[in-house]
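Undergrad: As input, take entry31.cif (mmCIF, C-alpha atoms):
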```cif
data_protein
#
loop_
_atom_site.label_atom_id
_atom_site.label_comp_id
_atom_site.auth_asym_id
_atom_site.auth_seq_id
_atom_site.Cartn_x
_atom_site.Cartn_y
_atom_site.Cartn_z
CA MET A 1 -72.83 -43.94 0.38
CA LYS A 2 -70.51 -43.60 3.37
CA ASN A 3 -67.82 -46.25 3.68
CA PHE A 4 -67.65 -48.87 6.40
CA LEU A 5 -65.83 -46.60 8.88
CA ILE A 6 -68.62 -45.68 11.27
CA ASN A 7 -68.81 -42.02 12.28
CA ASP A 8 -72.44 -42.08 13.51
CA ASN A 9 -73.58 -43.47 16.87
CA LEU A 10 -77.24 -43.77 17.87
CA ILE A 11 -78.40 -43.87 21.50
CA ILE A 12 -81.96 -44.93 22.41
CA ASN A 13 -82.74 -44.21 26.07
CA SER A 14 -85.41 -45.64 28.37
CA GLU A 15 -87.84 -42.90 27.34
CA GLY A 16 -87.60 -43.98 23.72
CA GLU A 17 -85.71 -40.82 22.73
CA PHE A 18 -83.20 -41.05 19.88
CA ILE A 19 -79.89 -39.22 20.26
CA LEU A 20 -77.71 -39.33 17.14
CA PHE A 21 -73.99 -38.55 17.51
CA CYS A 22 -71.96 -37.61 14.41
CA LEU A 23 -68.33 -36.75 13.72
CA ASP A 24 -68.00 -34.24 10.89
CA ASN A 25 -65.05 -33.50 8.62
CA GLN A 26 -63.89 -30.67 10.90
CA GLY A 27 -63.55 -33.00 13.90
CA GLU A 28 -66.66 -31.79 15.73
CA VAL A 29 -68.80 -34.27 17.67
CA LYS A 30 -72.39 -33.16 17.33
CA TYR A 31 -75.49 -34.81 18.72
CA THR A 32 -79.10 -34.41 17.68
CA LYS A 33 -82.11 -35.32 19.79
CA TYR A 34 -85.16 -36.75 18.09
CA ALA A 35 -88.54 -36.60 19.77
CA PHE A 36 -91.36 -39.06 19.11
CA PRO A 37 -92.06 -39.82 16.33
CA ASN A 38 -88.42 -39.39 15.30
CA LYS A 39 -88.61 -35.71 14.46
CA THR A 40 -85.58 -33.50 14.99
CA MET A 41 -85.64 -31.49 18.23
CA GLU A 42 -82.23 -29.89 18.66
CA THR A 43 -78.57 -30.25 17.73
CA SER A 44 -75.68 -29.52 20.10
CA ILE A 45 -71.87 -29.66 19.92
CA LEU A 46 -69.95 -31.63 22.54
CA HIS A 47 -66.37 -31.49 21.25
CA LYS A 48 -65.09 -28.91 18.78
CA ASN A 49 -62.66 -29.18 15.88
CA ASN A 50 -60.08 -31.65 17.21
CA ILE A 51 -61.61 -35.14 17.47
CA LEU A 52 -60.18 -38.05 15.44
CA LYS A 53 -62.13 -41.04 16.81
CA TYR A 54 -64.95 -41.50 19.29
CA SER A 55 -67.42 -44.10 20.60
CA VAL A 56 -70.66 -43.86 22.59
CA THR A 57 -72.82 -46.21 24.67
CA ILE A 58 -75.59 -46.05 27.30
CA ASP A 59 -75.87 -47.85 30.62
CA GLU A 60 -78.86 -49.30 32.46
CA ASN A 61 -79.29 -46.05 34.42
CA ASP A 62 -79.66 -44.02 31.20
CA SER A 63 -76.24 -42.37 31.57
CA ILE A 64 -74.46 -41.87 28.23
CA HIS A 65 -70.74 -42.70 28.12
CA LEU A 66 -68.55 -41.18 25.39
CA ILE A 67 -64.82 -41.54 24.74
CA ALA A 68 -63.09 -39.25 22.26
CA LEU A 69 -59.50 -39.24 21.01
CA THR A 70 -58.26 -35.76 20.14
CA LYS A 71 -55.65 -34.67 17.62
CA LEU A 72 -53.40 -33.85 20.59
CA GLY A 73 -53.51 -37.48 21.70
CA GLU A 74 -55.78 -36.90 24.69
CA LEU A 75 -58.42 -39.54 25.45
CA ASN A 76 -61.47 -37.75 26.84
CA TYR A 77 -64.12 -39.58 28.86
CA SER A 78 -67.49 -37.82 29.05
CA ILE A 79 -70.67 -38.87 30.89
CA TYR A 80 -74.12 -37.39 30.30
CA LYS A 81 -76.28 -37.65 33.43
CA ASP A 82 -79.11 -35.51 34.80
CA ASN A 83 -79.06 -33.35 31.66
CA ARG A 84 -75.42 -32.32 31.98
CA TRP A 85 -72.03 -33.51 30.72
CA SER A 86 -68.98 -34.22 32.87
CA ASN A 87 -65.57 -34.50 31.19
CA ALA A 88 -62.17 -35.89 32.14
CA ILE A 89 -58.90 -36.73 30.38
CA ILE A 90 -58.03 -40.34 31.27
CA ALA A 91 -55.04 -41.08 29.01
CA LYS A 92 -52.47 -39.56 26.66
CA PHE A 93 -51.72 -41.39 23.40
CA ASP A 94 -48.36 -41.23 21.66
CA PHE A 95 -49.01 -39.61 18.29
CA LYS A 96 -45.31 -39.02 17.66
CA SER A 97 -44.68 -42.77 17.33
CA ASN A 98 -48.06 -44.38 16.62
CA ILE A 99 -51.15 -44.14 14.44
CA TYR A 100 -54.62 -45.12 15.65
CA ASN A 101 -57.48 -46.42 13.55
CA ASP A 102 -60.47 -47.50 15.65
CA ILE A 103 -61.72 -47.21 19.23
CA ASN A 104 -64.72 -48.72 21.04
CA ILE A 105 -66.33 -48.52 24.47
CA LEU A 106 -68.23 -51.41 26.10
CA LEU A 107 -69.88 -51.49 29.53
CA GLU A 108 -70.14 -54.69 31.56
CA GLY A 109 -71.43 -54.33 35.10
CA ASN A 110 -69.32 -51.66 36.80
CA ASN A 111 -66.47 -52.12 34.34
CA VAL A 112 -65.68 -49.81 31.45
CA ASN A 113 -63.93 -51.55 28.54
CA ILE A 114 -62.03 -49.45 26.00
CA ILE A 115 -60.66 -51.40 23.05
CA TYR A 116 -58.55 -49.76 20.35
CA ASN A 117 -55.86 -50.56 17.80
CA HIS A 118 -52.60 -48.86 16.86
CA ALA A 119 -49.49 -49.28 14.72
CA ASN A 120 -46.00 -47.84 14.84
CA LEU A 121 -45.28 -45.19 12.22
CA ILE A 122 -42.13 -47.05 11.16
CA ASN A 123 -44.06 -50.26 10.38
CA SER A 124 -47.66 -49.30 9.69
CA LYS A 125 -48.64 -52.83 8.62
CA LEU A 126 -48.03 -54.35 12.06
CA TRP A 127 -51.03 -53.52 14.27
CA THR A 128 -51.82 -54.26 17.90
CA ILE A 129 -55.30 -54.41 19.46
CA GLN A 130 -55.32 -53.21 23.09
CA HIS A 131 -57.87 -53.59 25.87
CA VAL A 132 -58.12 -51.14 28.79
CA ILE A 133 -60.55 -52.10 31.56
CA GLY A 134 -61.41 -50.18 34.72
CA ASP A 135 -64.02 -48.66 36.99
CA ARG A 136 -63.06 -45.06 36.17
CA GLN A 137 -60.78 -44.96 39.23
CA SER A 138 -58.12 -47.51 38.26
CA TRP A 139 -57.33 -49.10 34.91
CA ASP A 140 -55.68 -52.32 33.71
CA LYS A 141 -54.23 -52.80 30.24
CA HIS A 142 -54.17 -56.01 28.17
CA LYS A 143 -52.60 -56.70 24.82
CA ILE A 144 -55.15 -58.72 22.82
CA VAL A 145 -53.30 -59.61 19.63
CA SER A 146 -50.78 -58.35 17.07
CA LEU A 147 -51.59 -58.76 13.39
CA MET A 148 -50.42 -57.89 9.92
CA VAL A 149 -52.86 -55.77 7.99
CA ASP A 150 -53.10 -52.96 5.50
CA LYS A 151 -54.08 -49.86 7.45
CA THR A 152 -57.15 -49.54 5.21
CA PHE A 153 -58.55 -52.68 6.86
CA ALA A 154 -57.19 -52.15 10.38
CA TYR A 155 -60.45 -52.43 12.28
CA PHE A 156 -62.31 -54.98 14.40
CA GLN A 157 -65.80 -55.89 15.62
CA LEU A 158 -66.94 -56.52 19.22
CA ASP A 159 -69.88 -57.98 21.09
CA ILE A 160 -70.52 -59.31 24.59
CA ASP A 161 -72.48 -62.35 25.81
CA SER A 162 -74.66 -62.81 28.90
CA PHE A 163 -71.71 -64.22 30.88
CA GLY A 164 -69.70 -61.04 30.39
CA SER A 165 -67.28 -62.55 27.86
CA ILE A 166 -66.15 -60.03 25.25
CA HIS A 167 -65.87 -61.46 21.74
CA LEU A 168 -63.68 -59.89 19.07
CA LEU A 169 -63.52 -60.53 15.31
CA TYR A 170 -60.68 -59.20 13.19
CA SER A 171 -58.81 -59.90 9.95
CA SER A 172 -55.09 -60.45 9.56
CA PHE A 173 -52.98 -60.70 6.41
CA GLU A 174 -51.86 -64.27 5.72
CA GLY A 175 -50.54 -65.70 2.46
CA ASN A 176 -52.23 -63.81 -0.37
CA GLY A 177 -55.13 -62.32 1.53
CA HIS A 178 -56.78 -61.35 4.81
CA GLN A 179 -58.14 -64.14 7.03
CA VAL A 180 -60.88 -63.81 9.66
CA TYR A 181 -60.13 -64.65 13.32
CA HIS A 182 -62.16 -64.82 16.53
CA THR A 183 -60.88 -64.41 20.07
CA PHE A 184 -62.51 -63.64 23.43
CA TYR A 185 -61.92 -62.16 26.89
CA ASN A 186 -62.93 -64.20 29.94
CA SER A 187 -64.15 -61.89 32.72
CA TYR A 188 -63.55 -64.52 35.41
CA ALA A 189 -59.98 -65.34 34.40
CA LYS A 190 -59.43 -61.68 33.40
CA LYS A 191 -57.45 -62.55 30.31
CA TRP A 192 -57.82 -63.04 26.57
CA ASN A 193 -57.72 -66.37 24.80
CA PRO A 194 -54.09 -66.68 23.60
CA ILE A 195 -54.95 -68.80 20.54
CA PRO A 196 -57.42 -67.03 18.19
CA LYS A 197 -59.57 -69.26 15.96
CA LYS A 198 -59.36 -68.81 12.18
CA LEU A 199 -62.86 -68.87 10.65
CA SER A 200 -62.30 -68.20 6.94
CA SER A 201 -61.25 -70.81 4.39
CA PRO A 202 -57.54 -71.10 3.44
CA ASN A 203 -56.30 -69.31 0.32
CA THR A 204 -59.14 -66.80 0.34
CA ASN A 205 -59.20 -63.02 0.76
CA THR A 206 -61.83 -61.52 3.05
CA LEU A 207 -63.34 -58.09 3.68
CA PHE A 208 -65.50 -56.52 6.39
CA PRO A 209 -65.78 -59.26 9.06
CA TYR A 210 -68.75 -58.69 11.38
CA LEU A 211 -69.60 -60.33 14.72
CA PHE A 212 -72.97 -60.72 16.47
CA VAL A 213 -74.01 -62.45 19.72
CA ASP A 214 -77.73 -63.25 19.68
CA THR A 215 -80.13 -63.35 22.66
CA LYS A 216 -79.42 -67.07 23.17
CA ASP A 217 -75.63 -66.57 23.32
CA ASN A 218 -75.02 -68.04 19.86
CA LEU A 219 -72.16 -66.33 18.01
CA HIS A 220 -72.54 -65.35 14.36
CA ALA A 221 -69.80 -64.14 12.01
CA ILE A 222 -70.19 -62.85 8.47
CA TRP A 223 -67.75 -61.41 5.96
CA LEU A 224 -67.22 -60.87 2.26
CA GLU A 225 -65.03 -63.30 0.36
CA LYS A 226 -63.24 -61.59 -2.51
CA LEU A 227 -62.67 -63.58 -5.71
CA ASN A 228 -62.02 -62.11 -9.18
CA MET A 229 -63.37 -58.68 -8.20
CA ASN A 230 -66.60 -60.28 -6.89
CA ASN A 231 -67.44 -60.07 -3.18
CA THR A 232 -69.57 -62.99 -1.96
CA LEU A 233 -71.33 -63.12 1.40
CA LYS A 234 -70.11 -65.86 3.81
CA TYR A 235 -71.54 -66.95 7.18
CA CYS A 236 -70.19 -68.88 10.17
CA ARG A 237 -71.84 -69.79 13.51
CA LEU A 238 -70.88 -71.01 16.98
CA THR A 239 -73.95 -72.42 18.72
CA SER A 240 -74.38 -72.57 22.50
CA LYS A 241 -76.24 -75.91 22.52
CA GLY A 242 -76.66 -79.14 20.60
CA ASN A 243 -74.16 -81.72 19.39
CA GLU A 244 -71.97 -79.05 17.78
CA LYS A 245 -72.03 -76.49 20.57
CA TYR A 246 -69.03 -74.22 20.99
CA ILE A 247 -67.68 -75.21 17.56
CA TRP A 248 -67.40 -72.66 14.75
CA LYS A 249 -69.00 -74.00 11.57
CA GLN A 250 -69.51 -72.43 8.15
CA ILE A 251 -73.16 -72.73 7.11
CA LYS A 252 -74.51 -72.47 3.60
CA ILE A 253 -76.62 -69.40 2.90
CA PRO A 254 -78.36 -68.11 -0.25
CA TYR A 255 -75.78 -66.91 -2.78
CA ILE A 256 -75.28 -63.15 -2.55
CA SER A 257 -72.60 -61.57 -4.75
CA ASP A 258 -71.39 -58.11 -5.72
CA CYS A 259 -71.54 -56.85 -2.12
CA ASN A 260 -69.68 -53.60 -1.60
CA ASN A 261 -70.03 -52.70 2.06
CA MET A 262 -70.08 -54.16 5.54
CA PRO A 263 -72.84 -56.76 6.11
CA ILE A 264 -74.49 -56.65 9.55
CA ILE A 265 -76.72 -58.92 11.64
CA ILE A 266 -79.78 -57.93 13.67
CA GLU A 267 -82.32 -59.91 15.68
CA GLU A 268 -85.99 -58.94 15.80
CA LYS A 269 -88.63 -60.98 17.68
CA GLY A 270 -86.59 -64.18 17.43
CA VAL A 271 -85.75 -63.76 13.74
CA LEU A 272 -82.12 -63.21 12.70
CA LYS A 273 -81.49 -60.99 9.68
CA ILE A 274 -78.31 -60.48 7.68
CA VAL A 275 -78.47 -57.10 5.97
CA TYR A 276 -76.21 -56.65 2.94
CA LEU A 277 -75.60 -54.04 0.24
CA THR A 278 -74.65 -54.06 -3.42
CA ASN A 279 -74.16 -51.05 -5.68
CA LYS A 280 -77.83 -50.04 -5.85
CA VAL A 281 -79.63 -52.55 -3.63
CA ILE A 282 -80.03 -53.22 0.08
CA GLY A 283 -81.42 -56.62 1.00
CA PHE A 284 -81.60 -59.19 3.77
CA LEU A 285 -81.48 -62.90 4.56
CA TYR A 286 -83.47 -64.27 7.50
CA SER A 287 -83.43 -67.26 9.83
CA SER A 288 -85.99 -68.29 12.46
CA ASP A 289 -83.92 -71.21 13.83
CA SER A 290 -80.90 -69.37 15.28
CA GLY A 291 -78.96 -69.49 12.00
CA THR A 292 -79.33 -73.16 11.03
CA THR A 293 -81.23 -72.37 7.83
CA TRP A 294 -81.39 -69.09 5.91
CA TYR A 295 -83.78 -67.71 3.30
CA LYS A 296 -83.63 -64.69 1.05
CA GLY A 297 -85.84 -61.75 1.92
CA ASP A 298 -86.64 -58.54 0.06
CA GLU A 299 -84.25 -56.33 -1.87
CA ILE A 300 -84.80 -52.59 -2.19
CA GLU A 301 -83.36 -50.26 -4.77
CA ILE A 302 -81.63 -47.39 -3.01
CA ASN A 303 -79.72 -44.20 -3.54
CA PRO A 304 -76.36 -45.17 -1.96
CA SER A 305 -75.55 -41.58 -1.01
CA LYS A 306 -78.54 -41.50 1.35
CA ILE A 307 -77.68 -44.63 3.35
CA SER A 308 -75.83 -44.47 6.67
CA LEU A 309 -74.39 -47.25 8.83
CA VAL A 310 -74.77 -46.37 12.53
CA ARG A 311 -73.60 -48.04 15.73
CA VAL A 312 -76.57 -48.51 18.09
CA SER A 313 -76.75 -48.68 21.89
CA GLU A 314 -80.12 -48.78 23.63
CA ASN A 315 -81.73 -48.95 27.06
CA SER A 316 -85.38 -49.10 26.07
CA MET A 317 -88.00 -51.59 27.26
CA LYS A 318 -89.84 -50.84 24.02
CA LEU A 319 -87.06 -52.70 22.23
CA LYS A 320 -86.85 -55.75 24.51
CA HIS A 321 -87.74 -58.06 21.59
CA ILE A 322 -84.75 -57.00 19.47
CA LYS A 323 -80.95 -57.16 19.63
CA ILE A 324 -79.12 -54.65 17.51
CA ASN A 325 -75.55 -53.37 17.45
CA HIS A 326 -75.57 -51.60 14.06
CA ALA A 327 -78.21 -50.54 11.58
CA TYR A 328 -78.53 -49.23 8.06
CA CYS A 329 -80.82 -46.24 7.86
CA THR A 330 -81.63 -42.99 6.12
CA ILE A 331 -81.16 -39.85 8.20
CA GLU A 332 -83.03 -36.75 7.13
CA GLN A 333 -85.74 -34.96 9.13
CA SER A 334 -86.51 -38.34 10.65
CA ILE A 335 -84.66 -41.67 10.85
CA TYR A 336 -85.82 -44.69 8.86
CA PHE A 337 -84.30 -48.11 9.69
CA TYR A 338 -84.05 -50.75 6.99
CA PHE A 339 -85.69 -54.07 7.89
CA LEU A 340 -86.37 -53.04 11.50
CA SER A 341 -90.08 -52.35 11.80
CA SER A 342 -89.95 -52.48 15.63
CA ILE A 343 -87.83 -49.33 15.79
CA ASN A 344 -89.49 -47.34 13.03
CA SER A 345 -92.14 -44.92 14.20
CA ILE A 346 -95.62 -46.42 14.74
CA ASP A 347 -97.16 -43.71 12.57
CA VAL A 348 -95.15 -45.05 9.61
CA MET A 349 -96.57 -47.93 7.62
CA GLU A 350 -94.71 -51.02 8.86
CA ILE A 351 -93.19 -52.09 5.58
CA ASP A 352 -89.60 -53.00 4.80
CA ASN A 353 -89.76 -50.85 1.66
CA PRO A 354 -89.04 -47.19 2.44
CA PRO A 355 -89.90 -44.34 0.09
CA GLU A 356 -87.22 -42.72 -2.03
CA ASP A 357 -87.81 -39.14 -0.96
CA HIS A 358 -89.96 -39.21 2.20
CA THR A 359 -91.60 -41.49 4.73
CA ILE A 360 -95.06 -42.71 3.73
CA SER A 361 -97.66 -42.29 6.45
CA GLN A 362 -101.42 -42.71 6.42
CA VAL A 363 -101.66 -38.95 5.86
CA ASP A 364 -100.18 -39.42 2.38
CA ILE A 365 -103.23 -41.36 1.16
CA ILE A 366 -105.86 -38.93 2.46
CA GLY A 367 -107.67 -37.40 -0.45
CA SER A 368 -107.02 -40.41 -2.69
CA ASP A 369 -109.78 -42.40 -4.27
CA GLU A 370 -111.78 -44.42 -1.65
CA GLU A 371 -111.26 -47.61 -3.65
CA ILE A 372 -107.48 -47.20 -3.47
CA ILE A 373 -107.69 -46.55 0.28
CA SER A 374 -109.76 -49.68 0.74
CA LYS A 375 -107.25 -51.81 -1.18
CA VAL A 376 -104.33 -50.38 0.78
CA ASN A 377 -106.07 -51.09 4.10
CA LYS A 378 -106.84 -54.67 3.07
CA LEU A 379 -103.25 -55.17 1.99
CA LEU A 380 -101.98 -53.88 5.34
CA GLU A 381 -104.43 -56.08 7.25
CA THR A 382 -103.31 -59.14 5.29
CA GLN A 383 -99.66 -58.32 5.87
CA GLU A 384 -100.28 -57.88 9.60
CA GLU A 385 -102.13 -61.20 9.82
CA ILE A 386 -99.23 -63.00 8.13
CA ARG A 387 -96.75 -61.36 10.51
CA ASN A 388 -98.82 -62.35 13.55
CA ILE A 389 -98.93 -65.97 12.39
CA LEU A 390 -95.16 -66.03 11.86
CA TYR A 391 -94.41 -64.40 15.19
CA LYS A 392 -96.78 -66.78 17.04
CA ALA A 393 -94.95 -69.71 15.47
CA ILE A 394 -91.59 -68.22 16.46
CA ASP A 395 -92.79 -67.51 20.01
CA SER A 396 -94.02 -71.08 20.31
CA GLN A 397 -90.64 -72.36 19.16
CA ASN A 398 -88.87 -70.06 21.61
CA ARG A 399 -91.02 -71.36 24.52
CA ILE A 400 -90.13 -74.93 23.64
CA GLU A 401 -86.44 -74.05 23.50
CA GLU A 402 -86.71 -72.22 26.85
CA ASN A 403 -88.27 -75.30 28.46
CA ILE A 404 -85.46 -77.46 27.10
CA GLU A 405 -82.87 -74.99 28.35
CA SER A 406 -84.51 -75.08 31.82
CA ILE A 407 -84.11 -78.86 31.92
CA PHE A 408 -80.45 -78.56 30.95
CA LYS A 409 -79.93 -75.97 33.68
CA ILE A 410 -81.35 -78.37 36.29
CA LEU A 411 -79.07 -81.15 35.10
CA ASP A 412 -76.01 -78.92 34.81
CA VAL A 413 -74.81 -77.80 38.24
CA ASP A 414 -72.01 -75.69 36.82
CA LYS A 415 -73.68 -72.79 35.00
CA SER A 416 -70.44 -71.06 34.03
CA SER A 417 -69.79 -69.91 30.51
CA ILE A 418 -68.04 -72.33 28.18
CA PHE A 419 -65.32 -69.73 27.84
CA ASP A 420 -64.70 -69.90 31.59
CA LYS A 421 -64.50 -73.72 31.33
CA LEU A 422 -61.96 -73.49 28.53
CA PHE A 423 -59.66 -71.37 30.65
CA ARG A 424 -59.96 -73.66 33.67
CA SER A 425 -59.37 -76.81 31.62
CA SER A 426 -56.18 -75.31 30.15
CA LYS A 427 -54.56 -74.82 33.52
#
```
Re-express the file's structure as C-alpha cells.
TA:
Amino acid sequence: MKNFLINDNLIINSEGEFILFCLDNQGEVKYTKYAFPNKTMETSILHKNNILKYSVTIDENDSIHLIALTKLGELNYSIYKDNRWSNAIIAKFDFKSNIYNDINILLEGNNVNIIYNHANLINSKLWTIQHVIGDRQSWDKHKIVSLMVDKTFAYFQLDIDSFGSIHLLYSSFEGNGHQVYHTFYNSYAKKWNPIPKKLSSPNTNTLFPYLFVDTKDNLHAIWLEKLNMNNTLKYCRLTSKGNEKYIWKQIKIPYISDCNNMPIIIEEKGVLKIVYLTNKVIGFLYSSDSGTTWYKGDEIEINPSKISLVRVSENSMKLKHIKINHAYCTIEQSIYFYFLSSINSIDVMEIDNPPEDHTISQVDIIGSDEEIISKVNKLLETQEEIRNILYKAIDSQNRIEENIESIFKILDVDKSSIFDKLFRSSK
C-alpha cells in the first residue's frame, strides 16, 4: 500500500466525469479521464519529468486549478478551461537554502489560497507553514506557524467552513512525542489565530492527524495515538451548536488498534464515517448524530498494495448529499471507493464489500442457477429497504435540526462566524 503522502488527486466535474491526476516516480503529472461508468477514456501528460509536489482543485465554473512545484524551484499555476490548459510561473522557491514537503491549493470565492511548508537545510527539524492568498493578479503572504517536527511527519491537513474560515491541523514535537494542534484563518480579519489549540493528551505521541469540516460546520479531528508499538484511533470534535459549542472535546469511540495509515472522515447522506486501515483490513466507524456517538461498521480484508488514498475535489450536483475531501479506493480499469456507495457506479452492486480482483455487477450472475439469482435479488431488496429506513430517519432528524437552526438564526442578529467573533473580542 502507498504511504500517507498523497500523490493522487481526483476531480469530479459537473458532468460527473472523473479526472484522476497522478505524480509518478519520474516527476511526471499525468491525468486520466474516466467516462461513465468509471471506465478509462484517455491519459495525458501535463508536466514532464521535473515535478516535486502538486495539488489540484475545481471551482464552481468547472475550471480545474493546478499548482506544481518543479525541481528548479518554480511554482507553476495551471488552469484547465474550455478544454485547454493555460500555464504561468507565479513564484520562485529557494531550493539552495530550503526544503519543501507539502503544498495545497484551496479556492474561496475569488481568492486562491496556497498553503505549503518548508524548513531550512541547516535546521531541518524547524518547519514553517506559509499561506499565500491572492486573486491571481496580486498576492499576500502570511506566516501561519513554526513548529518542531521530524521531516518524515512534516505535513498538515486543511479544510474550509461555510464562513470562509480555513482550518489547519498539524503536529509538532513536544516533550517525548508529537502533539496535535488546530489553528484557523479568519477571512474577515485576514489573519491567522496566533494561539493554536492543542487537541491531543499530554505525554502522548501522535501520528497522521486529519481534519474534517462537516456540512453543519462542525469540526472533526482524528489521529493515531502511538503507545508500545500500537497505534490507537482517537477522535476529537468542535461542535457549532449546543452547550459545548466552539469547544474542542475528545469523544469516546469504539476501540480500534493496530492502525498503520492515515484515518480519514467522510460524510454521506447525513452519516459521518471514519475510515481506518490496519495491516490487512479496511474498516469504518459511523455516526448519525454529528459525531456525538459512534458505532463500528464493517471491516474488509484487503490487499494493501491495491489501495490508494486520493485527495478529492468535486463540483457535481450528483454528489450534493456527500462531503468528501479524501477517499480510499482501488484504481484499475475503473475506480472503486470504499464505503462510499453514492460515488460508485450505479451499475455496481451497492455494497461496501468490493471484490478482490474485479467489480461485481449484475452481469456476473447471469448464467447462474435461478435459485441463486432469486436469493441475491431478495438480499439486495432487503438491504435497500433497510438503507431507505435509515436514511428516512436521518433526513427526519436533519429537518428537525434545520428548523431549530432557523429559530436560532431569527434570534441571532449577528450571523458572523464564531471565528470572526473571537478576533473582534480580542481587540
Undergrad: Please evaluate the PyMOL selection byres ((chain A and resi 141) around 6) against the displayed coordinates and give the resulting residues as a ChimeraX atom specification.
TA: /A:131-132,140,142
Undergrad: Can those selected residues be exported to a file as an mmCIF file, in the frame of the given file so that it contains C-alpha atoms?
TA:
```cif
data_model
loop_
_atom_site.group_PDB
_atom_site.id
_atom_site.type_symbol
_atom_site.label_atom_id
_atom_site.label_comp_id
_atom_site.auth_asym_id
_atom_site.auth_seq_id
_atom_site.Cartn_x
_atom_site.Cartn_y
_atom_site.Cartn_z
ATOM 1 C CA HIS A 131 -57.870 -53.590 25.870
ATOM 2 C CA VAL A 132 -58.120 -51.140 28.790
ATOM 3 C CA ASP A 140 -55.680 -52.320 33.710
ATOM 4 C CA HIS A 142 -54.170 -56.010 28.170
#
```
Undergrad: Report the residues retrieved by the PyMOL selection byres ((chain A and resi 130) around 7) from the displayed file, expressed as an MDAnalysis selection string.
TA: chainID A and resid 115:117 128:129 131:132 142:144
Undergrad: Mind telling me what the PyMOL selection byres ((chain A and resi 308) around 9) catches here, as number ranges by chain?
TA: A: 1-3, 6, 8, 304-307, 309-310, 327-331
Undergrad: Write out as number ranges by chain which residues come within 10 Å of Ala35 of chain A when counting all atoms listed in the file, dropping same-chain ones fewer than 2 positions away.
TA: A: 15-19, 32-33, 37-42, 334
Undergrad: Per residue of segment 34-126 of chain A within 10 Å of segment 155-173 of chain A, which atom pair is closest and at what distance in Å (one decimal), using only C-alpha atoms, listed by chain and increasing number, as a tab-separated table?
TA:
```
residue	atom	partner	partner_atom	distance
A:Tyr100	CA	A:Tyr155	CA	9.9
A:Asn101	CA	A:Tyr155	CA	6.8
A:Asp102	CA	A:Tyr155	CA	6.0
A:Ile103	CA	A:Tyr155	CA	8.8
A:Asn104	CA	A:Leu158	CA	8.3
A:Ile105	CA	A:Leu158	CA	9.6
A:Leu106	CA	A:Ile160	CA	8.4
A:Leu107	CA	A:Ile160	CA	9.3
A:Glu108	CA	A:Gly164	CA	6.5
A:Gly109	CA	A:Gly164	CA	8.4
A:Asn113	CA	A:Ile166	CA	9.4
A:Ile115	CA	A:Leu158	CA	9.0
A:Tyr116	CA	A:Tyr155	CA	8.7
A:Asn117	CA	A:Tyr155	CA	7.4
A:His118	CA	A:Tyr155	CA	9.8
A:Lys125	CA	A:Phe173	CA	9.3
A:Leu126	CA	A:Ser172	CA	9.7
```
Undergrad: Got a sec: who's within 9 Å of Asn61 of chain A, counting all atoms listed in the file, leaving out chain neighbours fewer than 2 positions off, as a ChimeraX atom specification?
TA: /A:14,58-59,63-64,81,315
Undergrad: May I have the protein, DNA and RNA residues with any atom at most 7 Å from the point (-62.9, -67.4, 8.8), counting all atoms listed in the file, written as a PyMOL selection string?
TA: chain A and resi 179-181+198-201
Undergrad: In Å, rounded to a single decimal, give me how far atom CA of Tyr295 of chain A is from atom CA of Met317 of chain A.
TA: 29.2 Å
Undergrad: Interatomic distance between atom CA of Ile89 of chain A and atom CA of Ile45 of chain A?
TA: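 Answer for the atom CA of Ile89 of chain A to atom CA of Ile45 of chain A separation: 18.1 Å.
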Undergrad: If I take atom CA of Asn344 of chain A and atom CA of Leu219 of chain A, how far is one from the other in Å, to one decimal?
TA: 26.2 Å
Undergrad: Give me the residues within 7 Å of Ser287 of chain A as an NGL selection string, counting all atoms listed in the file and dropping any in the same chain fewer than 4 places off.
TA: :A and (271-273 or 291 or 293-295)
Undergrad: Edge lengths and centre in Å to one decimal, as AutoDock Vina command-line options, is what I'm after for the box along x, y and z that holds all listed atoms of segment 315-318 of chain A once 5 Å is added on each side.
TA:
```
--center_x -85.8 --center_y -50.3 --center_z 25.6 --size_x 18.1 --size_y 12.6 --size_z 13.2
```
Undergrad: For Val149 of chain A, which residue out of A:Asn243, A:Asn176, A:Gln137, A:Ser313 is the nearest one, using all atoms listed in the file?
TA: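 Going through A:Asn243, A:Asn176, A:Gln137, A:Ser313 one by one, the smallest distance to Val149 of chain A is for A:Asn176.
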